[in-house]
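In what follows, a single structure is set out as structure tokens and then discussed.
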Amino acid sequence: MRFFKSNITASSATKILAAILLSSSLVACSSNDDEDPSLKVAELTEINEAFQVNVLWDASVGDGVGHYFSRIKPIVAYNKTISASRMGDVIAFDQATGEELWQTDLSDINNERSFWDSRVSALVAGGPIAGMNKVFLGTENGKVFALDAETGELVWQGDVKGEIITPPAIDEGILVVNSASGILKAFNAETGEELWKAQQDVPALTLRGISAPVIASGGVLIGTGKGDVSVYILDKGQQGWATEIGEPTGSTELERVIDVDAAPVIFGDKIYAISSRGNLAAIDLQSGRILWKRQFSSYRQISVHRNDIYITNNRGHVYAINRNNGIERWSNLSLANRGVTGPVVVDDYIVVGDFEGYLHWLNQETGEIVARHYVDGSGIHSTPTVVDNILYTQSRDGDLEAIETPKIVTAEQ
């Protein structure tokens, strides 16, 4: 599992070793937990469960992502639930029943593999996303695939220099892909024609992750390895404003890793973004001016709902923060170092997954864990997807579940 990416030479091996050690602390994989209590993995304790969730259907998406970094997650579009495996299985299921509708193998998309050839992984890591009746995915070897959403057949295929490890974004007929090499590239989503590309500076040492692009108001927003949130003009690729939210605090390159890896979230006329080491910030969408910032650090997806921002920090602590002023409303520290996913909102609850394959439902008002559901021992690495209050989650081994949260009726109701 690679958590860091480096553009430096072999002579800087000590930096790489240091990065590996830091990545171990981020995911609490250290074998020396007894020496540092802050790295100890929290054990789950019994809770008074307020309800039992209902699994509407379950299915398998090949072998999932295994132990690799890929944060592939299911999407819902065109009355289908669509997901993929790292190997290259792209499968569409009926949204209501889970019945398989079509399957495509990106590892042999051109049907060139003979009976005697071994299957070679397509290295899928970015996507899927959907738009214009198509499904788009990217791979670690820089391939972009557009599939017909009704049949799974290949519509077009493109290339980007560098690894694609986050979902692309689509709007106004333009597909934008961000790569780990710093290339931001736009395609005509209908034909695959290249429209423009922009080169971003990439620090010598960064986390193994990049921000997915987000499109809004004619601009493409991305987080960068330099700790910035930047905007590019959607139709031409020209860079607009850039706002720094990461704060390097040390003297070494390792201590100055400040990536903004979580995709910025747009809510009204504001952007909310967080750095892996630095700040959670509210930014004016038009000007890039920082409205407020607070010291929280995360590389996980954040959620904004009504007047709150929900985040999981680098230690697996879950927070609710007022989005108007950045003041902390509650925190839950009971899932420390459990590889907790980013939070999603389901009805009156916040849901996160963990490395042992559990989903946890937190009360939206108090942060108390009120329900738990076990999916798969391989673990849940990707933030779940929620559509119409149905939660879709995929384990590392490719087990996909559609889960309904029961509506609790109180005496007042």
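Ordered as shown in the structure tokens, chains take letters A, B, and onward, while each chain numbers its residues from 1 and ligands are numbered from 1 in the order shown.
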
So that I can check the surroundings of range 364-379 of chain A, please list as a PyMOL selection string every protein, DNA and RNA residue that reaches within 9 Å of it, counting only C-alpha atoms and ignoring chain neighbours fewer than 3 positions away.
chain A and resi 47-53+66-67+318-320+329-332+334+339+345+347-350+353-361+393-397+399-401

Just want the 7 Å neighbourhood of range 175-183 of chain A, counted on only C-alpha atoms, with same-chain residues fewer than 6 positions away dropped. Output as an MDAnalysis selection string.
chainID A and resid 161:164 168:169 189 197:202 210 212:213

Limited to C-alpha atoms, could you put the picked residues into a file as a PDB file, in the first residue's frame?
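And here is the file that came out, selection-v5.pdb:
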```
ATOM      1  CA  LYS A 161       0.250  11.774 -18.446  1.00  0.00           C
ATOM      2  CA  GLY A 162       0.386  10.443 -14.897  1.00  0.00           C
ATOM      3  CA  GLU A 163      -1.734   8.354 -12.577  1.00  0.00           C
ATOM      4  CA  ILE A 164      -5.471   9.007 -12.352  1.00  0.00           C
ATOM      5  CA  PRO A 168     -12.955  12.984 -13.012  1.00  0.00           C
ATOM      6  CA  ALA A 169     -15.641  15.699 -13.075  1.00  0.00           C
ATOM      7  CA  ALA A 189     -17.184  14.248 -23.016  1.00  0.00           C
ATOM      8  CA  LYS A 197      -4.520  20.847 -20.434  1.00  0.00           C
ATOM      9  CA  ALA A 198      -2.782  22.699 -17.637  1.00  0.00           C
ATOM     10  CA  GLN A 199       0.425  21.847 -15.772  1.00  0.00           C
ATOM     11  CA  GLN A 200       0.532  22.256 -11.984  1.00  0.00           C
ATOM     12  CA  ASP A 201       3.698  22.274  -9.907  1.00  0.00           C
ATOM     13  CA  VAL A 202       4.037  19.130  -7.787  1.00  0.00           C
ATOM     14  CA  ILE A 210      -4.700  14.075  -5.145  1.00  0.00           C
ATOM     15  CA  ALA A 212     -10.697  15.179  -7.413  1.00  0.00           C
ATOM     16  CA  PRO A 213     -11.731  18.153  -9.567  1.00  0.00           C
TER      17      PRO A 213
END
```

Coordinates-based distance that separates CA of Met87 in chain A from CA of Ala125 in chain A (Å, one decimal)
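Between CA of Ala125 in chain A and CA of Met87 in chain A the gap is 9.5 Å.
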
May I have a table of the residues of range 301-389 of chain A lying at most 9 Å from range 275-295 of chain A, giving each one's closest pair of atoms and their distance in Å to one decimal, counting only C-alpha atoms, ordered by chain and ascending residue number, as a Markdown table?
```
| residue | atom | partner | partner_atom | distance |
| --- | --- | --- | --- | --- |
| A:Asn313 | CA | A:Ser276 | CA | 8.5 |
| A:Asn314 | CA | A:Ser276 | CA | 7.5 |
| A:Arg323 | CA | A:Ala282 | CA | 7.7 |
| A:Asn324 | CA | A:Ala282 | CA | 8.3 |
| A:Asn325 | CA | A:Trp292 | CA | 6.7 |
| A:Gly326 | CA | A:Arg294 | CA | 6.3 |
| A:Ile327 | CA | A:Arg294 | CA | 8.1 |
```

Would you give me, as an MDAnalysis selection string, the residues in range 6-208 of chain A that DSSP reads as strand (DSSP E or B)?
chainID A and resid 6 54:60 75:77 80:84 89:94 100:105 124:131 134:139 143:148 154:159 169:171 174:178 183:188 194:199 205:207

Do you know which residues are at most 8 Å from range 104-108 of chain A counting only C-alpha atoms, after dropping those on the same chain fewer than 2 positions away, and could you put them as a compact mmCIF listing (two decimals) with N, CA and C atoms, in the first residue's frame?
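For reference, around28.txt as written:
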```txt
# COMPACT_ATOMS: atom_id res chain seq x y z
N MET A 87 -8.95 -4.38 -10.90
CA MET A 87 -8.55 -5.23 -12.02
C MET A 87 -9.16 -4.75 -13.33
N GLY A 88 -10.37 -4.16 -13.25
CA GLY A 88 -10.98 -3.66 -14.48
C GLY A 88 -12.42 -4.08 -14.70
N ASP A 89 -13.02 -4.77 -13.72
CA ASP A 89 -14.44 -5.12 -13.84
C ASP A 89 -15.28 -3.87 -13.57
N VAL A 90 -16.08 -3.48 -14.54
CA VAL A 90 -17.04 -2.39 -14.34
C VAL A 90 -18.43 -3.02 -14.46
N ILE A 91 -19.24 -2.89 -13.41
CA ILE A 91 -20.52 -3.60 -13.36
C ILE A 91 -21.63 -2.62 -13.01
N TRP A 102 -25.20 -5.14 -16.71
CA TRP A 102 -24.12 -5.35 -17.67
C TRP A 102 -22.77 -5.36 -16.96
N ASN A 110 -10.36 -4.13 -25.66
CA ASN A 110 -10.31 -4.29 -27.12
C ASN A 110 -10.35 -5.76 -27.54
N ASN A 111 -10.65 -6.66 -26.58
CA ASN A 111 -10.78 -8.09 -26.87
C ASN A 111 -9.55 -8.67 -27.56
N GLU A 112 -8.38 -8.33 -27.03
CA GLU A 112 -7.13 -8.80 -27.62
C GLU A 112 -6.51 -9.96 -26.84
N ARG A 113 -7.05 -10.28 -25.66
CA ARG A 113 -6.44 -11.33 -24.83
C ARG A 113 -6.84 -12.70 -25.36
N ARG A 119 -4.54 -12.58 -17.21
CA ARG A 119 -5.22 -11.29 -17.10
C ARG A 119 -4.30 -10.28 -16.42
N VAL A 120 -4.14 -9.12 -17.00
CA VAL A 120 -3.31 -8.06 -16.46
C VAL A 120 -4.23 -6.94 -15.98
N SER A 121 -3.99 -6.47 -14.76
CA SER A 121 -4.87 -5.48 -14.16
C SER A 121 -4.94 -4.20 -14.98
N ALA A 122 -6.16 -3.64 -15.06
CA ALA A 122 -6.35 -2.35 -15.71
C ALA A 122 -5.94 -1.20 -14.80
N GLY A 152 -22.62 -0.59 -21.35
CA GLY A 152 -21.25 -0.82 -20.89
C GLY A 152 -20.23 -0.85 -22.01
N GLU A 153 -20.66 -0.65 -23.24
CA GLU A 153 -19.73 -0.69 -24.37
C GLU A 153 -18.83 0.55 -24.39
```

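The list of residues with at least one atom within 9 Å of Gly240 in chain A, based on only C-alpha atoms and without residues fewer than 4 positions apart in the same chain, reads Gly219, Ser230, Val231, Tyr232 and Ile233 of chain A.
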
CA of Met132 in chain A and CA of Val61 in chain A are how many Å apart?
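Interatomic distance, CA of Met132 in chain A to CA of Val61 in chain A: 23.7 Å.
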
Just want the 7 Å neighbourhood of Phe136 in chain A, counted on only C-alpha atoms, with same-chain residues fewer than 4 positions away dropped. Output as a list in words.
Gly127, Pro128, Ile129, Ala130, Phe145, Ala146 and Leu147 of chain A

Which is closest to Leu234 in chain A among A:Ile222, A:Ile309, A:Val304, A:Leu137, if we use only C-alpha atoms?
A:Ile222
